[in-house]
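> Provided below: structure_39.txt, containing compact mmCIF, C-alpha atoms and all ligand atoms.
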```txt
# COMPACT_ATOMS: atom_id res chain seq x y z
CA MET R 1 -84.83 101.43 -45.68
CA MET R 2 -87.65 103.18 -47.45
CA ASP R 3 -85.58 105.38 -49.73
CA GLY R 4 -83.10 102.65 -50.59
CA THR R 5 -80.25 104.12 -48.56
CA ILE R 6 -78.20 101.35 -46.97
CA ILE R 7 -75.25 103.30 -45.55
CA GLU R 8 -75.25 106.85 -44.35
CA THR R 9 -72.57 108.82 -42.54
CA LYS R 10 -73.04 112.13 -40.76
CA ASN R 11 -69.90 114.13 -40.12
CA LEU R 12 -68.05 110.87 -39.52
CA THR R 13 -64.65 111.70 -38.06
CA LYS R 14 -61.59 109.82 -36.84
CA ILE R 15 -58.69 111.46 -35.11
CA TYR R 16 -55.88 109.08 -34.20
CA ASN R 17 -53.83 109.71 -31.07
CA GLY R 18 -55.55 113.02 -30.49
CA ASN R 19 -53.87 114.73 -33.43
CA ILE R 20 -53.91 112.77 -36.70
CA LYS R 21 -57.13 113.73 -38.44
CA ALA R 22 -57.56 110.73 -40.73
CA VAL R 23 -61.25 111.28 -41.55
CA SER R 24 -62.91 114.63 -41.18
CA ASP R 25 -66.68 115.30 -41.25
CA LEU R 26 -67.35 112.68 -43.88
CA ASN R 27 -70.89 112.70 -45.30
CA ILE R 28 -71.81 109.99 -47.75
CA SER R 29 -75.00 108.18 -48.61
CA ILE R 30 -74.94 104.79 -50.30
CA ARG R 31 -77.91 103.20 -52.02
CA GLU R 32 -78.74 99.54 -51.81
CA GLY R 33 -77.41 97.52 -54.73
CA GLU R 34 -74.90 100.03 -56.04
CA ILE R 35 -71.12 99.85 -56.28
CA TYR R 36 -69.89 102.90 -54.39
CA GLY R 37 -66.29 103.97 -54.76
CA LEU R 38 -64.10 105.77 -52.26
CA ALA R 39 -61.24 107.08 -54.33
CA GLY R 40 -58.17 108.92 -53.20
CA PRO R 41 -54.40 108.71 -52.80
CA ASN R 42 -52.55 106.93 -50.04
CA GLY R 43 -53.32 108.34 -46.64
CA ALA R 44 -56.60 109.91 -47.82
CA GLY R 45 -58.53 108.07 -45.09
CA LYS R 46 -60.16 105.31 -47.12
CA THR R 47 -59.20 102.38 -44.90
CA THR R 48 -60.01 104.36 -41.76
CA THR R 49 -63.49 105.06 -43.16
CA ILE R 50 -64.00 101.38 -43.99
CA ASN R 51 -62.72 100.33 -40.56
CA MET R 52 -65.28 102.56 -38.88
CA LEU R 53 -68.14 101.31 -41.06
CA ILE R 54 -67.25 97.68 -40.40
CA THR R 55 -67.10 98.49 -36.65
CA ARG R 56 -63.42 97.58 -36.38
CA ILE R 57 -62.53 100.99 -34.94
CA ALA R 58 -64.71 103.58 -33.23
CA PRO R 59 -65.24 107.05 -34.66
CA THR R 60 -64.10 110.01 -32.58
CA GLY R 61 -66.90 112.16 -33.99
CA GLY R 62 -70.08 112.04 -36.03
CA SER R 63 -72.11 108.93 -36.69
CA ALA R 64 -73.04 106.37 -39.32
CA THR R 65 -75.65 103.73 -39.97
CA VAL R 66 -75.21 100.52 -41.92
CA GLY R 67 -78.42 98.76 -42.91
CA GLY R 68 -80.19 101.14 -40.56
CA PHE R 69 -78.06 100.14 -37.55
CA ASP R 70 -75.83 102.58 -35.74
CA ILE R 71 -72.19 101.46 -36.09
CA VAL R 72 -71.41 102.18 -32.42
CA ARG R 73 -74.60 101.30 -30.56
CA ASN R 74 -75.52 98.35 -32.75
CA SER R 75 -72.21 97.02 -33.99
CA LEU R 76 -73.24 93.36 -33.71
CA ALA R 77 -76.23 93.88 -35.99
CA VAL R 78 -73.97 95.71 -38.46
CA ARG R 79 -71.48 92.86 -38.46
CA ARG R 80 -74.15 90.36 -39.36
CA LEU R 81 -74.97 92.29 -42.53
CA ILE R 82 -71.51 92.79 -43.90
CA GLY R 83 -68.66 90.98 -45.57
CA VAL R 84 -65.17 92.42 -45.56
CA VAL R 85 -62.20 91.96 -47.84
CA PRO R 86 -59.43 93.84 -46.07
CA GLN R 87 -56.54 95.60 -47.74
CA ASP R 88 -54.01 93.15 -46.35
CA PHE R 89 -54.05 89.48 -47.17
CA THR R 90 -55.59 87.41 -44.35
CA ALA R 91 -56.03 83.84 -45.62
CA ASP R 92 -53.97 81.06 -44.04
CA GLU R 93 -51.30 79.94 -46.49
CA ASP R 94 -50.96 76.49 -44.96
CA LEU R 95 -54.55 75.63 -45.68
CA THR R 96 -56.21 75.04 -49.01
CA GLY R 97 -58.51 77.63 -50.49
CA ARG R 98 -61.53 75.52 -49.64
CA GLU R 99 -60.36 74.99 -46.04
CA ASN R 100 -59.96 78.73 -45.62
CA ILE R 101 -63.51 79.40 -46.74
CA MET R 102 -64.84 76.53 -44.60
CA MET R 103 -63.13 78.01 -41.56
CA VAL R 104 -64.70 81.40 -42.10
CA SER R 105 -68.13 79.90 -42.73
CA GLN R 106 -67.86 78.02 -39.42
CA PHE R 107 -66.89 81.24 -37.73
CA TYR R 108 -70.12 82.76 -39.05
CA ASP R 109 -72.15 79.66 -38.08
CA VAL R 110 -73.26 78.98 -41.62
CA PRO R 111 -74.94 75.53 -41.57
CA LYS R 112 -72.70 72.90 -43.17
CA ALA R 113 -74.92 72.02 -46.12
CA LYS R 114 -75.55 75.66 -46.88
CA ALA R 115 -71.83 76.43 -46.59
CA LYS R 116 -70.98 73.65 -49.05
CA GLU R 117 -73.48 74.97 -51.53
CA ASN R 118 -72.31 78.58 -51.16
CA ILE R 119 -68.65 77.65 -51.41
CA GLY R 120 -69.24 75.67 -54.60
CA ARG R 121 -71.07 78.57 -56.16
CA LEU R 122 -68.52 81.16 -55.06
CA LEU R 123 -65.52 79.15 -56.25
CA LYS R 124 -67.20 78.85 -59.61
CA LEU R 125 -67.95 82.55 -59.73
CA VAL R 126 -64.26 83.46 -59.48
CA GLU R 127 -63.07 80.40 -61.39
CA LEU R 128 -61.12 78.89 -58.53
CA GLU R 129 -62.72 75.43 -58.57
CA ASP R 130 -59.63 73.74 -59.93
CA ALA R 131 -57.33 75.34 -57.36
CA ALA R 132 -59.70 75.00 -54.40
CA ASP R 133 -57.91 72.02 -52.89
CA ARG R 134 -54.40 73.35 -53.31
CA LEU R 135 -52.53 75.07 -50.51
CA VAL R 136 -52.93 78.83 -50.69
CA ARG R 137 -49.13 79.24 -50.61
CA THR R 138 -49.08 77.90 -54.17
CA TYR R 139 -51.53 80.58 -55.41
CA SER R 140 -50.58 83.52 -57.60
CA GLY R 141 -51.33 87.06 -56.38
CA GLY R 142 -54.47 87.22 -58.49
CA MET R 143 -55.73 83.86 -57.16
CA ARG R 144 -55.20 85.01 -53.58
CA LYS R 145 -57.22 88.14 -54.19
CA ARG R 146 -60.00 86.10 -55.79
CA LEU R 147 -60.04 83.81 -52.78
CA GLU R 148 -60.23 86.78 -50.41
CA LEU R 149 -63.09 88.16 -52.46
CA ILE R 150 -65.24 85.08 -51.92
CA ILE R 151 -64.19 84.52 -48.30
CA GLY R 152 -65.98 87.81 -47.63
CA LEU R 153 -69.17 86.40 -49.14
CA VAL R 154 -69.60 82.96 -47.62
CA HIS R 155 -72.19 84.07 -45.04
CA GLU R 156 -74.28 85.82 -47.72
CA PRO R 157 -73.81 89.41 -46.56
CA ARG R 158 -75.99 92.17 -48.00
CA ILE R 159 -73.05 94.55 -48.10
CA LEU R 160 -69.50 93.84 -49.17
CA PHE R 161 -66.53 96.07 -48.33
CA LEU R 162 -63.56 95.82 -50.67
CA ASP R 163 -60.51 97.74 -49.52
CA GLU R 164 -58.08 98.13 -52.44
CA PRO R 165 -59.08 94.81 -54.01
CA THR R 166 -56.44 94.93 -56.74
CA LEU R 167 -53.55 96.50 -54.88
CA GLY R 168 -50.22 95.33 -56.24
CA LEU R 169 -51.70 93.26 -59.07
CA ASP R 170 -50.56 93.78 -62.64
CA ILE R 171 -52.97 95.59 -64.94
CA GLN R 172 -54.18 92.45 -66.72
CA THR R 173 -54.99 90.64 -63.48
CA ARG R 174 -56.68 93.79 -62.22
CA THR R 175 -59.07 94.00 -65.16
CA GLN R 176 -59.93 90.33 -64.57
CA MET R 177 -60.74 91.18 -60.96
CA TRP R 178 -63.06 93.94 -62.15
CA ASN R 179 -65.09 91.36 -64.05
CA TYR R 180 -65.38 89.19 -60.95
CA VAL R 181 -66.50 92.15 -58.86
CA ARG R 182 -69.15 93.01 -61.46
CA GLU R 183 -70.34 89.40 -61.58
CA ILE R 184 -70.62 89.31 -57.81
CA GLN R 185 -72.62 92.50 -57.69
CA GLN R 186 -75.00 91.31 -60.39
CA LYS R 187 -75.40 87.66 -59.42
CA LEU R 188 -75.43 88.01 -55.64
CA ASN R 189 -77.18 91.36 -55.56
CA VAL R 190 -74.95 92.84 -52.86
CA THR R 191 -74.14 96.46 -52.24
CA ILE R 192 -70.39 96.99 -52.69
CA ILE R 193 -68.22 99.66 -51.14
CA LEU R 194 -64.92 99.73 -52.93
CA THR R 195 -61.85 101.76 -52.15
CA SER R 196 -59.03 102.33 -54.58
CA HIS R 197 -56.29 104.75 -55.43
CA TYR R 198 -56.52 103.49 -59.01
CA LEU R 199 -59.02 105.94 -60.44
CA GLU R 200 -59.56 103.90 -63.60
CA GLU R 201 -60.68 101.06 -61.35
CA ILE R 202 -63.28 103.26 -59.72
CA ASP R 203 -64.31 104.49 -63.15
CA ALA R 204 -64.70 100.93 -64.42
CA LEU R 205 -66.70 99.68 -61.45
CA ALA R 206 -68.44 102.34 -59.43
CA GLY R 207 -71.86 103.79 -60.16
CA LYS R 208 -71.09 106.57 -57.73
CA VAL R 209 -67.84 107.80 -56.24
CA SER R 210 -66.63 110.12 -53.54
CA ILE R 211 -63.16 111.45 -54.21
CA ILE R 212 -61.44 111.97 -50.87
CA ASP R 213 -58.22 113.66 -49.94
CA HIS R 214 -56.80 114.42 -46.50
CA GLY R 215 -59.85 112.82 -44.89
CA LYS R 216 -62.34 115.05 -46.65
CA VAL R 217 -64.80 114.43 -49.45
CA LEU R 218 -63.90 116.71 -52.35
CA ILE R 219 -66.69 115.74 -54.70
CA THR R 220 -69.32 113.04 -55.09
CA GLY R 221 -71.09 111.89 -58.24
CA SER R 222 -71.21 109.26 -60.94
CA PRO R 223 -67.86 108.89 -62.72
CA SER R 224 -69.48 109.94 -66.00
CA ASP R 225 -71.04 113.07 -64.48
CA LEU R 226 -67.77 114.03 -62.81
CA LYS R 227 -65.88 113.65 -66.06
CA ALA R 228 -68.55 115.48 -68.01
CA SER R 229 -68.49 118.36 -65.50
CA LEU R 230 -64.91 119.11 -66.51
CA LYS R 231 -66.12 120.43 -69.85
CA GLY R 232 -63.42 119.86 -72.32
CA ASP R 233 -62.63 116.96 -74.63
CA ILE R 234 -59.46 117.10 -76.65
CA ILE R 235 -59.40 116.40 -80.36
CA THR R 236 -55.89 115.89 -81.65
CA MET R 237 -55.54 116.18 -85.40
CA THR R 238 -52.77 115.86 -87.89
CA LEU R 239 -53.63 117.73 -91.07
CA THR R 240 -52.26 117.69 -94.59
CA ASP R 241 -51.47 121.34 -94.09
CA GLN R 242 -51.78 123.50 -91.03
CA LYS R 243 -52.72 126.76 -92.74
CA SER R 244 -55.97 128.21 -91.42
CA ALA R 245 -56.06 125.67 -88.56
CA ASP R 246 -56.16 128.68 -86.29
CA LEU R 247 -59.50 129.65 -87.77
CA MET R 248 -61.00 126.56 -86.15
CA LYS R 249 -61.39 128.74 -83.08
CA THR R 250 -64.45 130.19 -84.80
CA VAL R 251 -66.21 126.81 -84.95
CA PRO R 252 -69.01 126.69 -82.36
CA GLY R 253 -68.08 124.57 -79.34
CA VAL R 254 -64.34 124.99 -79.82
CA ILE R 255 -62.68 126.47 -76.75
CA GLU R 256 -59.04 126.54 -77.72
CA VAL R 257 -56.70 125.50 -80.50
CA VAL R 258 -53.10 124.70 -79.59
CA ASP R 259 -50.20 123.91 -81.86
CA ALA R 260 -48.94 120.39 -81.10
CA GLY R 261 -46.17 119.60 -83.53
CA PRO R 262 -45.77 119.41 -87.31
CA ASN R 263 -49.19 119.96 -88.89
CA THR R 264 -50.76 118.80 -85.65
CA VAL R 265 -53.23 120.73 -83.49
CA LYS R 266 -54.93 120.01 -80.22
CA ILE R 267 -58.45 121.35 -80.21
CA LYS R 268 -60.16 121.70 -76.87
CA VAL R 269 -63.91 121.47 -77.31
CA GLU R 270 -66.85 121.51 -74.94
CA ASN R 271 -68.12 118.18 -76.16
CA ALA R 272 -66.40 116.14 -78.85
CA ASP R 273 -69.59 114.29 -79.81
CA GLU R 274 -71.08 117.56 -81.01
CA ALA R 275 -67.99 119.49 -82.05
CA LEU R 276 -66.26 116.83 -84.11
CA PRO R 277 -68.71 116.90 -87.07
CA ARG R 278 -68.46 120.70 -87.18
CA VAL R 279 -64.68 120.61 -87.07
CA ILE R 280 -64.62 118.05 -89.88
CA ASN R 281 -66.95 120.23 -91.97
CA PHE R 282 -64.75 123.21 -91.36
CA ILE R 283 -61.71 121.28 -92.51
CA SER R 284 -63.26 120.18 -95.79
CA GLN R 285 -64.59 123.68 -96.43
CA HIS R 286 -61.03 124.97 -96.12
CA GLU R 287 -59.72 122.26 -98.41
CA LEU R 288 -57.71 120.59 -95.72
CA SER R 289 -57.84 116.94 -94.84
CA THR R 290 -56.92 114.96 -91.76
CA ILE R 291 -54.24 112.29 -91.71
CA LYS R 292 -54.80 111.29 -88.12
CA LEU R 293 -57.39 112.06 -85.50
CA THR R 294 -57.88 111.07 -81.88
CA VAL R 295 -60.50 112.11 -79.36
CA GLN R 296 -59.71 112.13 -75.70
CA LYS R 297 -62.37 112.45 -73.02
CA PRO R 298 -61.29 113.53 -69.54
CA SER R 299 -60.57 110.70 -67.10
CA LEU R 300 -61.13 110.65 -63.34
CA ASP R 301 -57.43 111.48 -63.03
CA GLU R 302 -58.23 114.85 -64.56
CA VAL R 303 -61.12 115.23 -62.13
CA PHE R 304 -58.74 114.58 -59.24
CA LEU R 305 -56.27 117.07 -60.67
CA GLU R 306 -59.03 119.66 -61.04
CA TYR R 307 -60.02 119.40 -57.37
CA THR R 308 -56.59 119.00 -55.78
CA GLY R 309 -54.25 120.79 -58.13
CA ARG R 310 -52.01 117.73 -58.23
CA SER R 311 -51.89 114.43 -60.05
CA ILE R 312 -52.74 111.21 -58.20
CA ARG R 313 -50.17 109.35 -60.29
CA ASP R 314 -47.34 111.18 -58.60
CA GLU R 315 -48.09 109.44 -55.33
CA GLU R 316 -49.50 106.17 -56.52
CA GLY R 317 -49.11 103.12 -54.45
CA GLY R 318 -45.59 103.01 -53.05
CA MET R 319 -46.00 102.33 -49.34
CA ASP R 320 -49.12 100.19 -49.51
CA ARG R 321 -47.69 97.99 -52.19
CA MET R 322 -44.53 97.54 -50.16
CA LYS R 323 -46.57 96.64 -47.09
CA THR R 324 -48.59 94.08 -49.00
CA ALA R 325 -45.47 92.54 -50.49
CA MET R 326 -43.94 92.35 -47.02
CA ASN R 327 -47.04 90.70 -45.58
CA LEU R 328 -47.09 88.15 -48.35
CA ARG R 329 -43.43 87.42 -47.85
CA ARG R 330 -43.85 87.10 -44.09
CA ALA R 331 -46.80 84.78 -44.57
CA ARG R 332 -44.77 82.57 -46.84
CA GLN R 333 -41.90 82.06 -44.37
N1 LIG G 401 -53.68 103.17 -36.50
C1 LIG G 401 -53.29 104.39 -36.87
N2 LIG G 401 -52.70 105.24 -36.00
C2 LIG G 401 -52.32 106.48 -36.36
N3 LIG G 401 -52.48 106.98 -37.61
C3 LIG G 401 -53.07 106.21 -38.52
C4 LIG G 401 -53.49 104.87 -38.21
N4 LIG G 401 -54.04 104.33 -39.33
C5 LIG G 401 -53.95 105.28 -40.30
N5 LIG G 401 -53.36 106.41 -39.81
C6 LIG G 401 -53.15 107.66 -40.56
O1 LIG G 401 -54.42 108.14 -40.97
C7 LIG G 401 -54.35 108.66 -42.29
C8 LIG G 401 -55.31 107.91 -43.18
O2 LIG G 401 -54.86 106.58 -43.36
P1 LIG G 401 -55.70 105.48 -44.11
O3 LIG G 401 -57.09 105.49 -43.61
O4 LIG G 401 -54.96 104.21 -44.01
O5 LIG G 401 -55.68 106.04 -45.60
P2 LIG G 401 -55.84 105.27 -47.01
O6 LIG G 401 -56.49 103.94 -46.74
O7 LIG G 401 -56.68 106.18 -47.83
O8 LIG G 401 -54.48 105.12 -47.57
C9 LIG G 401 -52.90 108.57 -42.70
O9 LIG G 401 -52.29 109.78 -42.42
C10 LIG G 401 -52.36 107.45 -41.84
O10 LIG G 401 -50.99 107.62 -41.63
MG MG G 402 -55.93 102.02 -47.29
```
Turn the structure described in the file into structure tokens.
Ligand SMILES: Nc1ncnc2c1ncn2[C@@H]1O[C@H](COP(=O)(O)OP(=O)(O)O)[C@@H](O)[C@H]1O
Ligand SMILES: [Mg+2]

Amino acid sequence: MMDGTIIETKNLTKIYNGNIKAVSDLNISIREGEIYGLAGPNGAGKTTTINMLITRIAPTGGSATVGGFDIVRNSLAVRRLIGVVPQDFTADEDLTGRENIMMVSQFYDVPKAKAKENIGRLLKLVELEDAADRLVRTYSGGMRKRLELIIGLVHEPRILFLDEPTLGLDIQTRTQMWNYVREIQQKLNVTIILTSHYLEEIDALAGKVSIIDHGKVLITGSPSDLKASLKGDIITMTLTDQKSADLMKTVPGVIEVVDAGPNTVKIKVENADEALPRVINFISQHELSTIKLTVQKPSLDEVFLEYTGRSIRDEEGGMDRMKTAMNLRRARQ
């Protein structure tokens, strides 16, 4: 499209069974080539949104276009443009990784030679070449997710949907996945729509994010803008002596000074990059010196807290992780 918009929703709405409002008047606009994050706790409506955009379920209200095609009237055209990595594991455990990808590429009618070439390249991209001819049942959780990631890419889609791509993985495996997602976006030049209830994941990957809760968009922006909009970095300082620490309130850019233990103060400032030199000057002028100093910028968790009044960590993960574990277990039997 002329202005670079590749996905656009207008009051997109899904009400299940006539009364469960899973997605409510959702308006988002996604630009070609970006990684767009849909962030929110369990039950926020992320998967429902994805399922509508990938034409798996029909909206009950509003509309959306993907690559310029209406998701209801032109669902076949939409499907040709997209790759999907669903929240739940879908690969066949009794086949090898390579066989799984082959099967999907046949489903999409990718010519054999082309498929071979793509598969080779994709396996390399996520470093699964060595495991490609092993049965998937022997894969670790991280390897399975990597396989799923490339299964969604074998037919060279322009747009890739990743629904909770690191759900249930340990933190180290998750950060590895982030690198693969970045590589894919850069090397294959696809637009990526990523959902996650891990806000640090969205922060690490997305150029733009919509934070959603109860089916509604609360705020949209780049992670750095959203964090910056909170106004307030925290400088924590342990001093040789706390006398006159209170006077730091007079330093320009300082919002608040709070006592935080023996000779320790937390100083809330508008922007630590600017305030820190002034605070340091103030300290030396008052013949104090610092023993320890940390600067903390707000995270997306704080942004979520600001807009919802509650912490996303309180509700992180439980049910979905259980479901995934159950699916994996069932698949293994
Ligand atoms: N097939 C369904 N039938 C009825 N309710 C559903 C169905 N799928 C999801 N829901 C409900 O819709 C809401 C949003 O769910 P979902 O889109 O899965 O959220 P998320 O992916 O953000 O966790 C939840 O309240 C969920 O219970
Ligand atoms: Mg979900």
> Could you produce a table of the residues of chain R lying within 6 Å of ligand LIG 401 (chain G), with the nearest pair of atoms per residue and their separation in Å rounded to one decimal, using all atoms listed in the file, ordered by chain and increasing residue number, as JSON lines?

```
{"residue": "R:Tyr16", "atom": "CA", "partner": "G:LIG401", "partner_atom": "C2", "distance": 4.9}
{"residue": "R:Ala22", "atom": "CA", "partner": "G:LIG401", "partner_atom": "O1", "distance": 4.1}
{"residue": "R:Asn42", "atom": "CA", "partner": "G:LIG401", "partner_atom": "O8", "distance": 3.6}
{"residue": "R:Gly43", "atom": "CA", "partner": "G:LIG401", "partner_atom": "O5", "distance": 3.5}
{"residue": "R:Ala44", "atom": "CA", "partner": "G:LIG401", "partner_atom": "O7", "distance": 3.7}
{"residue": "R:Gly45", "atom": "CA", "partner": "G:LIG401", "partner_atom": "O3", "distance": 3.3}
{"residue": "R:Lys46", "atom": "CA", "partner": "G:LIG401", "partner_atom": "O7", "distance": 3.7}
{"residue": "R:Thr47", "atom": "CA", "partner": "G:LIG401", "partner_atom": "O6", "distance": 3.6}
{"residue": "R:Thr48", "atom": "CA", "partner": "G:LIG401", "partner_atom": "O3", "distance": 3.6}
```
> If we count all atoms listed in the file and set the cut-off at 9 Å, which residues sit around region 179-187 of chain R, ignoring sequence neighbours fewer than 4 positions away in its own chain? Please answer as a PDB file with C-alpha atoms, keeping the file's coordinate frame.

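Wrote out_20.pdb, looks like this:
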```pdb
ATOM      1  CA  GLY R  33     -77.410  97.520 -54.730  1.00  0.00           C
ATOM      2  CA  GLU R  34     -74.900 100.030 -56.040  1.00  0.00           C
ATOM      3  CA  ILE R  35     -71.120  99.850 -56.280  1.00  0.00           C
ATOM      4  CA  LEU R 122     -68.520  81.160 -55.060  1.00  0.00           C
ATOM      5  CA  LEU R 125     -67.950  82.550 -59.730  1.00  0.00           C
ATOM      6  CA  VAL R 126     -64.260  83.460 -59.480  1.00  0.00           C
ATOM      7  CA  ARG R 146     -60.000  86.100 -55.790  1.00  0.00           C
ATOM      8  CA  LEU R 149     -63.090  88.160 -52.460  1.00  0.00           C
ATOM      9  CA  ARG R 174     -56.680  93.790 -62.220  1.00  0.00           C
ATOM     10  CA  THR R 175     -59.070  94.000 -65.160  1.00  0.00           C
ATOM     11  CA  THR R 191     -74.140  96.460 -52.240  1.00  0.00           C
ATOM     12  CA  ILE R 192     -70.390  96.990 -52.690  1.00  0.00           C
ATOM     13  CA  LEU R 205     -66.700  99.680 -61.450  1.00  0.00           C
TER      14      LEU R 205
END
```
> Closest to ligand MG 402 (chain G) among R:Gln242, R:Thr195, R:Ser29, R:Thr290, using all atoms listed in the file?
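With all atoms listed in the file as the atom set, the closest residue is R:Thr195.
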> Of the candidates R:Val66, R:Ile193, R:Ala131, R:Ile280, which one gets nearest to Asp163 (chain R) if we count all atoms listed in the file?
R:Ile193
> Name the closest residue to Ile202 (chain R) among the candidates R:Glu8, R:Asp130, R:Glu156, R:Glu164; distances are taken between atoms, counting all atoms listed in the file.
R:Glu164
> Can you measure CA of Gly207 (chain R) to CA of Ser222 (chain R) for me? One decimal in Å is fine.
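CA of Gly207 (chain R) sits 5.6 Å away from CA of Ser222 (chain R).
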> Report, in Å to a single decimal, how far apart CA of Ile159 (chain R) and CA of Ile71 (chain R) are.
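Pair CA of Ile71 (chain R) / CA of Ile159 (chain R) returns 13.9 Å.
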> Smallest atom-to-atom distance to Ile291 (chain R): which of R:Leu26, R:Leu53, R:Met237, R:Met143, using only C-alpha atoms?
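Ranked by minimum distance to Ile291 (chain R), first place goes to R:Met237.
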> Measure the distance from CA of Leu247 (chain R) to CA of Val265 (chain R) in Å and round it to one decimal.
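Going from CA of Leu247 (chain R) over to CA of Val265 (chain R) covers 11.7 Å.
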> Go through R:Ile255, R:Ile283, R:Val136, R:Ile50 one by one, measure the shortest atom-to-atom distance of each to ligand MG 402 (chain G) using all atoms listed in the file, and give the residue with the smallest value.
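Smallest separation from ligand MG 402 (chain G) among the options: R:Ile50.
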> Which protein, DNA or RNA residues have an atom at most 12 Å from (-67.6, 102.4, -37.3), counting only C-alpha atoms? List them as a ChimeraX atom specification.
/R:7-10,12-14,23,47-66,69-76,78-79
> Hey, can you spit out that residue selection with C-alpha atoms as a compact mmCIF listing (two decimals), in the coordinates of the input?

```
# COMPACT_ATOMS: atom_id res chain seq x y z
CA ILE R 7 -75.25 103.30 -45.55
CA GLU R 8 -75.25 106.85 -44.35
CA THR R 9 -72.57 108.82 -42.54
CA LYS R 10 -73.04 112.13 -40.76
CA LEU R 12 -68.05 110.87 -39.52
CA THR R 13 -64.65 111.70 -38.06
CA LYS R 14 -61.59 109.82 -36.84
CA VAL R 23 -61.25 111.28 -41.55
CA THR R 47 -59.20 102.38 -44.90
CA THR R 48 -60.01 104.36 -41.76
CA THR R 49 -63.49 105.06 -43.16
CA ILE R 50 -64.00 101.38 -43.99
CA ASN R 51 -62.72 100.33 -40.56
CA MET R 52 -65.28 102.56 -38.88
CA LEU R 53 -68.14 101.31 -41.06
CA ILE R 54 -67.25 97.68 -40.40
CA THR R 55 -67.10 98.49 -36.65
CA ARG R 56 -63.42 97.58 -36.38
CA ILE R 57 -62.53 100.99 -34.94
CA ALA R 58 -64.71 103.58 -33.23
CA PRO R 59 -65.24 107.05 -34.66
CA THR R 60 -64.10 110.01 -32.58
CA GLY R 61 -66.90 112.16 -33.99
CA GLY R 62 -70.08 112.04 -36.03
CA SER R 63 -72.11 108.93 -36.69
CA ALA R 64 -73.04 106.37 -39.32
CA THR R 65 -75.65 103.73 -39.97
CA VAL R 66 -75.21 100.52 -41.92
CA PHE R 69 -78.06 100.14 -37.55
CA ASP R 70 -75.83 102.58 -35.74
CA ILE R 71 -72.19 101.46 -36.09
CA VAL R 72 -71.41 102.18 -32.42
CA ARG R 73 -74.60 101.30 -30.56
CA ASN R 74 -75.52 98.35 -32.75
CA SER R 75 -72.21 97.02 -33.99
CA LEU R 76 -73.24 93.36 -33.71
CA VAL R 78 -73.97 95.71 -38.46
CA ARG R 79 -71.48 92.86 -38.46
```
> Around (-50.9, 113.0, -90.4), as given in the file, which residues come within 10 Å? Count only C-alpha atoms and list them as a ChimeraX atom specification.
/R:237-241,262-264,289-293
> Using all atoms listed in the file, which of the listed residues (R:Phe107, R:Tyr198, R:Tyr139, R:Tyr36) sits closest to ligand MG 402 (chain G)?
R:Tyr198
> Which residues are near Val85 (chain R)? Cut-off 10 Å, only C-alpha atoms, ignore same chain within fewer than 3 positions. Put them as a ChimeraX atom specification.
/R:88-90,145,147-153,160-165,194
